[in-house]
Amino acid sequence: MNALNIIKKTQLLPLTTLVSRDDVEPLCDILMDVSIPLVEITLRDERTLEIVDEFKKFPEINLGIGTIRTKSHIDIANKANASFLITPGFSEDLADYAASKNIVMIPGVQTPSEIMKASEAGFKTLKFFPAELSGGASRLKAYKSVFSDIKFIPTGGITDENTLSYLALDNVTAVGASALIPADLIKSKSWEEIRNKLEKSKELISNS
Ligand code: 3PG
């Protein structure tokens, strides 16, 4: 299944920044156990660049690499066998480079002009970032009639409290959130708590 279809199916895109190889296996085990076989690892720390290839040992997890801002980030993602890339904004140059490597890209947008640029370049699924600071679900609702062929993955400020208001919109494919894998729980290696958090969010969606 293509990465975009998996994201659409789970409706949740957990994201985090890992800095230790040792954290990759327990995280992948949990993601498989809770049937959310995907994760976005953000390149926010130099150490992440060194360890992201550890995910190659877990091919059942669809690895996304986020905070992609340079071609060398794309090279690192490619070497780690990433199935998708996420950029905070839209760059035609990076979009062309990702296409040349045959990796799915989800560019970030906020404004109508950015949506038009990304759409002209052929992207139909876009990250809406930073979602809560940019008008949240109400703004996406307003985009619906104008950009009826575009789907969004809102990210930035998404919590269990506002998840359902986004997923209720039919132009929202999934929500992306670091709150699904809280950084402090990774730091304290509280794997059971991370599992519970993911299960709770899944339940929230399936009960809606
Ligand atoms: C991102 O990297 O997409 C966002 O910074 C994540 O935002 P969040 O931490 O509020 O989920």
# chains A, B, ... in the order shown; residues from 1 in each chain; ligands from 1
>>> closest_atom_pairs(of="chain A", to="ligand 1", cutoff="7 Å", atoms="only C-alpha atoms and all ligand atoms", output="Markdown table")
| residue | atom | partner | partner_atom_place_in_ligand_line | distance |
| --- | --- | --- | --- | --- |
| A:Thr42 | CA | ligand 1 | 2 (O) | 6.4 |
| A:Gly66 | CA | ligand 1 | 2 (O) | 6.7 |
| A:Thr67 | CA | ligand 1 | 2 (O) | 6.3 |
| A:Pro88 | CA | ligand 1 | 3 (O) | 6.8 |
| A:Phe129 | CA | ligand 1 | 3 (O) | 6.7 |
| A:Pro130 | CA | ligand 1 | 4 (C) | 6.8 |
| A:Thr155 | CA | ligand 1 | 3 (O) | 5.0 |
| A:Gly156 | CA | ligand 1 | 7 (O) | 3.4 |
| A:Gly157 | CA | ligand 1 | 10 (O) | 3.6 |
| A:Ile158 | CA | ligand 1 | 11 (O) | 5.5 |
| A:Gly176 | CA | ligand 1 | 11 (O) | 6.3 |
| A:Ala177 | CA | ligand 1 | 11 (O) | 3.6 |
| A:Ser178 | CA | ligand 1 | 11 (O) | 3.9 |
| A:Ala179 | CA | ligand 1 | 11 (O) | 5.6 |
>>> select_by_dssp(residues="range 44-196 of chain A", states="helix (DSSP H, G or I)", output="number ranges by chain")
A: 46-57, 71-79, 92-100, 112-120, 132-134, 136-146, 163-167, 178-180, 183-187, 191-196
>>> write_last_selection(atoms="C-alpha atoms", output="PDB file, in the first residue's frame")
ATOM      1  CA  GLU A  46      21.810  16.469  14.429  1.00  0.00           C
ATOM      2  CA  ARG A  47      21.853  13.094  16.205  1.00  0.00           C
ATOM      3  CA  THR A  48      18.704  11.998  14.357  1.00  0.00           C
ATOM      4  CA  LEU A  49      20.596  12.141  11.051  1.00  0.00           C
ATOM      5  CA  GLU A  50      22.963   9.488  12.387  1.00  0.00           C
ATOM      6  CA  ILE A  51      20.408   7.002  13.652  1.00  0.00           C
ATOM      7  CA  VAL A  52      17.445   7.126  11.286  1.00  0.00           C
ATOM      8  CA  ASP A  53      18.799   4.241   9.161  1.00  0.00           C
ATOM      9  CA  GLU A  54      18.051   1.975  12.165  1.00  0.00           C
ATOM     10  CA  PHE A  55      14.466   1.876  10.848  1.00  0.00           C
ATOM     11  CA  LYS A  56      15.693  -0.312   7.971  1.00  0.00           C
ATOM     12  CA  LYS A  57      15.565  -3.193  10.443  1.00  0.00           C
ATOM     13  CA  LYS A  71      18.544  17.769  -0.589  1.00  0.00           C
ATOM     14  CA  SER A  72      20.935  16.096   1.807  1.00  0.00           C
ATOM     15  CA  HIS A  73      17.980  15.479   4.155  1.00  0.00           C
ATOM     16  CA  ILE A  74      16.295  13.695   1.241  1.00  0.00           C
ATOM     17  CA  ASP A  75      19.444  11.632   0.666  1.00  0.00           C
ATOM     18  CA  ILE A  76      19.441  10.606   4.326  1.00  0.00           C
ATOM     19  CA  ALA A  77      15.753   9.676   4.129  1.00  0.00           C
ATOM     20  CA  ASN A  78      16.384   7.701   0.946  1.00  0.00           C
ATOM     21  CA  LYS A  79      19.237   5.770   2.552  1.00  0.00           C
ATOM     22  CA  GLU A  92       9.795  23.255  -5.955  1.00  0.00           C
ATOM     23  CA  ASP A  93      13.460  22.342  -5.937  1.00  0.00           C
ATOM     24  CA  LEU A  94      13.019  19.783  -3.158  1.00  0.00           C
ATOM     25  CA  ALA A  95       9.831  18.483  -4.765  1.00  0.00           C
ATOM     26  CA  ASP A  96      11.736  17.798  -8.012  1.00  0.00           C
ATOM     27  CA  TYR A  97      14.562  16.140  -6.115  1.00  0.00           C
ATOM     28  CA  ALA A  98      12.165  13.880  -4.167  1.00  0.00           C
ATOM     29  CA  ALA A  99      10.447  12.934  -7.438  1.00  0.00           C
ATOM     30  CA  SER A 100      13.822  12.037  -8.972  1.00  0.00           C
ATOM     31  CA  PRO A 112      -3.987  29.882  -0.555  1.00  0.00           C
ATOM     32  CA  SER A 113      -0.960  30.931  -2.670  1.00  0.00           C
ATOM     33  CA  GLU A 114       1.125  28.105  -1.235  1.00  0.00           C
ATOM     34  CA  ILE A 115      -1.686  25.637  -1.859  1.00  0.00           C
ATOM     35  CA  MET A 116      -1.889  26.829  -5.471  1.00  0.00           C
ATOM     36  CA  LYS A 117       1.860  26.408  -5.994  1.00  0.00           C
ATOM     37  CA  ALA A 118       1.920  22.911  -4.497  1.00  0.00           C
ATOM     38  CA  SER A 119      -1.192  21.915  -6.407  1.00  0.00           C
ATOM     39  CA  GLU A 120       0.275  23.181  -9.708  1.00  0.00           C
ATOM     40  CA  GLU A 132      -3.802  25.621  15.262  1.00  0.00           C
ATOM     41  CA  LEU A 133      -1.919  28.903  14.852  1.00  0.00           C
ATOM     42  CA  SER A 134      -3.175  29.267  11.281  1.00  0.00           C
ATOM     43  CA  GLY A 136      -7.324  25.507  12.686  1.00  0.00           C
ATOM     44  CA  ALA A 137     -10.296  23.509  11.479  1.00  0.00           C
ATOM     45  CA  SER A 138     -12.276  26.655  10.562  1.00  0.00           C
ATOM     46  CA  ARG A 139      -9.635  27.656   8.032  1.00  0.00           C
ATOM     47  CA  LEU A 140      -9.589  24.195   6.466  1.00  0.00           C
ATOM     48  CA  LYS A 141     -13.361  24.301   6.253  1.00  0.00           C
ATOM     49  CA  ALA A 142     -13.039  27.556   4.288  1.00  0.00           C
ATOM     50  CA  TYR A 143     -10.507  25.920   1.936  1.00  0.00           C
ATOM     51  CA  LYS A 144     -12.936  23.117   1.123  1.00  0.00           C
ATOM     52  CA  SER A 145     -14.972  24.827  -1.569  1.00  0.00           C
ATOM     53  CA  VAL A 146     -11.999  26.647  -3.115  1.00  0.00           C
ATOM     54  CA  THR A 163      -8.439  15.865  16.739  1.00  0.00           C
ATOM     55  CA  LEU A 164     -12.087  15.083  16.027  1.00  0.00           C
ATOM     56  CA  SER A 165     -12.911  18.614  14.867  1.00  0.00           C
ATOM     57  CA  TYR A 166     -10.291  18.185  12.127  1.00  0.00           C
ATOM     58  CA  LEU A 167     -11.189  14.620  11.204  1.00  0.00           C
ATOM     59  CA  SER A 178       3.927  14.921  18.375  1.00  0.00           C
ATOM     60  CA  ALA A 179       1.470  14.606  21.277  1.00  0.00           C
ATOM     61  CA  LEU A 180       0.897  11.001  20.121  1.00  0.00           C
ATOM     62  CA  ALA A 183       9.029  13.565  23.841  1.00  0.00           C
ATOM     63  CA  ASP A 184       9.226  13.327  27.632  1.00  0.00           C
ATOM     64  CA  LEU A 185       7.929   9.741  27.490  1.00  0.00           C
ATOM     65  CA  ILE A 186      10.583   8.817  24.916  1.00  0.00           C
ATOM     66  CA  LYS A 187      13.209  10.427  27.129  1.00  0.00           C
ATOM     67  CA  TRP A 191       7.011   2.619  26.483  1.00  0.00           C
ATOM     68  CA  GLU A 192       3.829   1.389  28.157  1.00  0.00           C
ATOM     69  CA  GLU A 193       2.602   4.958  28.529  1.00  0.00           C
ATOM     70  CA  ILE A 194       3.314   5.624  24.852  1.00  0.00           C
ATOM     71  CA  ARG A 195       1.367   2.492  23.923  1.00  0.00           C
ATOM     72  CA  ASN A 196      -1.575   3.619  26.085  1.00  0.00           C
TER      73      ASN A 196
END
>>> residues_around(residues="Phe58 in chain A", least_positions_apart="3", cutoff="9 Å", atoms="only C-alpha atoms", output="VMD selection string")
chain A and resid 24 to 25 28 to 29 54 to 55 61 to 62
>>> residues_around(residues="Ile106 in chain A", least_positions_apart="5", cutoff="10 Å", atoms="only C-alpha atoms", output="list in words")
Leu4, Gly64, Gly66, Phe84, Leu85, Ile86, Thr87, Pro88, Gly89, Phe90, Ala95, Ala118, Phe123, Lys124, Thr125, Leu126, Lys127, Phe128, Phe152 and Ile153 of chain A
>>> write_last_selection(atoms="C-alpha atoms", output="PDB file, in the first residue's frame")
ATOM      1  CA  LEU A   4      -0.558   8.125   1.493  1.00  0.00           C
ATOM      2  CA  GLY A  64       8.309   9.213   7.115  1.00  0.00           C
ATOM      3  CA  GLY A  66       9.913  15.199   8.477  1.00  0.00           C
ATOM      4  CA  PHE A  84       7.491   9.421   2.574  1.00  0.00           C
ATOM      5  CA  LEU A  85       8.935  12.874   3.172  1.00  0.00           C
ATOM      6  CA  ILE A  86       7.351  15.859   4.852  1.00  0.00           C
ATOM      7  CA  THR A  87       8.534  19.429   4.357  1.00  0.00           C
ATOM      8  CA  PRO A  88       7.427  22.316   6.595  1.00  0.00           C
ATOM      9  CA  GLY A  89       6.812  24.518   3.541  1.00  0.00           C
ATOM     10  CA  PHE A  90       6.737  24.134  -0.240  1.00  0.00           C
ATOM     11  CA  ALA A  95       9.831  18.483  -4.765  1.00  0.00           C
ATOM     12  CA  ALA A 118       1.920  22.911  -4.497  1.00  0.00           C
ATOM     13  CA  PHE A 123       0.563  17.577  -5.015  1.00  0.00           C
ATOM     14  CA  LYS A 124      -2.936  16.755  -3.858  1.00  0.00           C
ATOM     15  CA  THR A 125      -2.221  15.866  -0.224  1.00  0.00           C
ATOM     16  CA  LEU A 126      -0.623  18.675   1.775  1.00  0.00           C
ATOM     17  CA  LYS A 127       0.446  19.222   5.344  1.00  0.00           C
ATOM     18  CA  PHE A 128      -1.384  22.216   6.861  1.00  0.00           C
ATOM     19  CA  PHE A 152      -4.858  18.168   4.175  1.00  0.00           C
ATOM     20  CA  ILE A 153      -2.925  16.689   7.072  1.00  0.00           C
TER      21      ILE A 153
END
>>> residues_around(residues="Asn5 in chain A", least_positions_apart="3", cutoff="12 Å", atoms="only C-alpha atoms", output="JSON, numbers by chain")
{"A": [1, 2, 8, 9, 10, 11, 12, 13, 37, 38, 62, 83, 84, 104, 125, 173, 174]}
>>> atom_distance(atom1="CA of Val19 in chain A", atom2="CA of Asp45 in chain A")
7.2 Å
>>> closest_residue(among="A:Lys151, A:Arg69, A:Arg44, A:Lys101", to="Asn171 in chain A", atoms="only C-alpha atoms")
A:Lys151
>>> atom_distance(atom1="CA of Thr16 in chain A", atom2="CA of Leu43 in chain A")
9.1 Å
>>> select_by_dssp(residues="range 23-154 of chain A", states="strand (DSSP E or B)", output="list in words")
Leu38, Val39, Glu40, Ile41, Thr42, Asn62, Leu63, Gly64, Ile65, Gly66, Phe84, Leu85, Ile86, Thr87, Val104, Met105, Ile106, Pro107, Gly108, Val109, Thr125, Leu126, Lys127, Phe128, Lys151, Phe152, Ile153 and Pro154 of chain A
>>> closest_residue(among="A:Asn81, A:Lys202, A:Ala3, A:Asp23", to="Ser190 in chain A", atoms="only C-alpha atoms")
A:Asp23
>>> decode(residues="range 44-136 of chain A", atoms="C-alpha atoms", output="PDB file, in the first residue's frame")
ATOM      1  CA  ARG A  44      15.268  18.500  14.437  1.00  0.00           C
ATOM      2  CA  ASP A  45      18.441  17.216  16.023  1.00  0.00           C
ATOM      3  CA  GLU A  46      21.810  16.469  14.429  1.00  0.00           C
ATOM      4  CA  ARG A  47      21.853  13.094  16.205  1.00  0.00           C
ATOM      5  CA  THR A  48      18.704  11.998  14.357  1.00  0.00           C
ATOM      6  CA  LEU A  49      20.596  12.141  11.051  1.00  0.00           C
ATOM      7  CA  GLU A  50      22.963   9.488  12.387  1.00  0.00           C
ATOM      8  CA  ILE A  51      20.408   7.002  13.652  1.00  0.00           C
ATOM      9  CA  VAL A  52      17.445   7.126  11.286  1.00  0.00           C
ATOM     10  CA  ASP A  53      18.799   4.241   9.161  1.00  0.00           C
ATOM     11  CA  GLU A  54      18.051   1.975  12.165  1.00  0.00           C
ATOM     12  CA  PHE A  55      14.466   1.876  10.848  1.00  0.00           C
ATOM     13  CA  LYS A  56      15.693  -0.312   7.971  1.00  0.00           C
ATOM     14  CA  LYS A  57      15.565  -3.193  10.443  1.00  0.00           C
ATOM     15  CA  PHE A  58      11.807  -2.633  10.724  1.00  0.00           C
ATOM     16  CA  PRO A  59      10.497  -2.624   7.146  1.00  0.00           C
ATOM     17  CA  GLU A  60       6.935  -3.213   8.362  1.00  0.00           C
ATOM     18  CA  ILE A  61       6.902   0.378   9.643  1.00  0.00           C
ATOM     19  CA  ASN A  62       6.277   3.041   7.004  1.00  0.00           C
ATOM     20  CA  LEU A  63       8.928   5.573   7.828  1.00  0.00           C
ATOM     21  CA  GLY A  64       8.309   9.213   7.115  1.00  0.00           C
ATOM     22  CA  ILE A  65      11.079  11.745   7.484  1.00  0.00           C
ATOM     23  CA  GLY A  66       9.913  15.199   8.477  1.00  0.00           C
ATOM     24  CA  THR A  67      11.348  18.699   8.721  1.00  0.00           C
ATOM     25  CA  ILE A  68      13.048  18.032   5.365  1.00  0.00           C
ATOM     26  CA  ARG A  69      14.702  21.295   4.325  1.00  0.00           C
ATOM     27  CA  THR A  70      17.629  20.276   2.110  1.00  0.00           C
ATOM     28  CA  LYS A  71      18.544  17.769  -0.589  1.00  0.00           C
ATOM     29  CA  SER A  72      20.935  16.096   1.807  1.00  0.00           C
ATOM     30  CA  HIS A  73      17.980  15.479   4.155  1.00  0.00           C
ATOM     31  CA  ILE A  74      16.295  13.695   1.241  1.00  0.00           C
ATOM     32  CA  ASP A  75      19.444  11.632   0.666  1.00  0.00           C
ATOM     33  CA  ILE A  76      19.441  10.606   4.326  1.00  0.00           C
ATOM     34  CA  ALA A  77      15.753   9.676   4.129  1.00  0.00           C
ATOM     35  CA  ASN A  78      16.384   7.701   0.946  1.00  0.00           C
ATOM     36  CA  LYS A  79      19.237   5.770   2.552  1.00  0.00           C
ATOM     37  CA  ALA A  80      16.958   4.939   5.474  1.00  0.00           C
ATOM     38  CA  ASN A  81      14.372   3.555   2.999  1.00  0.00           C
ATOM     39  CA  ALA A  82      11.818   6.170   4.015  1.00  0.00           C
ATOM     40  CA  SER A  83       8.416   5.762   2.346  1.00  0.00           C
ATOM     41  CA  PHE A  84       7.491   9.421   2.574  1.00  0.00           C
ATOM     42  CA  LEU A  85       8.935  12.874   3.172  1.00  0.00           C
ATOM     43  CA  ILE A  86       7.351  15.859   4.852  1.00  0.00           C
ATOM     44  CA  THR A  87       8.534  19.429   4.357  1.00  0.00           C
ATOM     45  CA  PRO A  88       7.427  22.316   6.595  1.00  0.00           C
ATOM     46  CA  GLY A  89       6.812  24.518   3.541  1.00  0.00           C
ATOM     47  CA  PHE A  90       6.737  24.134  -0.240  1.00  0.00           C
ATOM     48  CA  SER A  91       9.975  24.070  -2.268  1.00  0.00           C
ATOM     49  CA  GLU A  92       9.795  23.255  -5.955  1.00  0.00           C
ATOM     50  CA  ASP A  93      13.460  22.342  -5.937  1.00  0.00           C
ATOM     51  CA  LEU A  94      13.019  19.783  -3.158  1.00  0.00           C
ATOM     52  CA  ALA A  95       9.831  18.483  -4.765  1.00  0.00           C
ATOM     53  CA  ASP A  96      11.736  17.798  -8.012  1.00  0.00           C
ATOM     54  CA  TYR A  97      14.562  16.140  -6.115  1.00  0.00           C
ATOM     55  CA  ALA A  98      12.165  13.880  -4.167  1.00  0.00           C
ATOM     56  CA  ALA A  99      10.447  12.934  -7.438  1.00  0.00           C
ATOM     57  CA  SER A 100      13.822  12.037  -8.972  1.00  0.00           C
ATOM     58  CA  LYS A 101      14.342   9.645  -6.051  1.00  0.00           C
ATOM     59  CA  ASN A 102      10.830   8.309  -6.384  1.00  0.00           C
ATOM     60  CA  ILE A 103       9.799   9.112  -2.811  1.00  0.00           C
ATOM     61  CA  VAL A 104       6.320  10.337  -1.890  1.00  0.00           C
ATOM     62  CA  MET A 105       6.410  13.903  -0.586  1.00  0.00           C
ATOM     63  CA  ILE A 106       3.879  15.791   1.496  1.00  0.00           C
ATOM     64  CA  PRO A 107       4.709  19.485   1.320  1.00  0.00           C
ATOM     65  CA  GLY A 108       3.647  21.912   4.027  1.00  0.00           C
ATOM     66  CA  VAL A 109       1.389  24.863   3.241  1.00  0.00           C
ATOM     67  CA  GLN A 110      -0.497  27.513   5.118  1.00  0.00           C
ATOM     68  CA  THR A 111      -1.870  30.060   2.634  1.00  0.00           C
ATOM     69  CA  PRO A 112      -3.987  29.882  -0.555  1.00  0.00           C
ATOM     70  CA  SER A 113      -0.960  30.931  -2.670  1.00  0.00           C
ATOM     71  CA  GLU A 114       1.125  28.105  -1.235  1.00  0.00           C
ATOM     72  CA  ILE A 115      -1.686  25.637  -1.859  1.00  0.00           C
ATOM     73  CA  MET A 116      -1.889  26.829  -5.471  1.00  0.00           C
ATOM     74  CA  LYS A 117       1.860  26.408  -5.994  1.00  0.00           C
ATOM     75  CA  ALA A 118       1.920  22.911  -4.497  1.00  0.00           C
ATOM     76  CA  SER A 119      -1.192  21.915  -6.407  1.00  0.00           C
ATOM     77  CA  GLU A 120       0.275  23.181  -9.708  1.00  0.00           C
ATOM     78  CA  ALA A 121       3.309  20.990  -9.004  1.00  0.00           C
ATOM     79  CA  GLY A 122       0.963  18.001  -8.785  1.00  0.00           C
ATOM     80  CA  PHE A 123       0.563  17.577  -5.015  1.00  0.00           C
ATOM     81  CA  LYS A 124      -2.936  16.755  -3.858  1.00  0.00           C
ATOM     82  CA  THR A 125      -2.221  15.866  -0.224  1.00  0.00           C
ATOM     83  CA  LEU A 126      -0.623  18.675   1.775  1.00  0.00           C
ATOM     84  CA  LYS A 127       0.446  19.222   5.344  1.00  0.00           C
ATOM     85  CA  PHE A 128      -1.384  22.216   6.861  1.00  0.00           C
ATOM     86  CA  PHE A 129       1.133  23.795   9.204  1.00  0.00           C
ATOM     87  CA  PRO A 130       1.107  25.202  11.834  1.00  0.00           C
ATOM     88  CA  ALA A 131      -2.531  24.129  12.023  1.00  0.00           C
ATOM     89  CA  GLU A 132      -3.802  25.621  15.262  1.00  0.00           C
ATOM     90  CA  LEU A 133      -1.919  28.903  14.852  1.00  0.00           C
ATOM     91  CA  SER A 134      -3.175  29.267  11.281  1.00  0.00           C
ATOM     92  CA  GLY A 135      -6.880  29.213  11.973  1.00  0.00           C
ATOM     93  CA  GLY A 136      -7.324  25.507  12.686  1.00  0.00           C
TER      94      GLY A 136
END
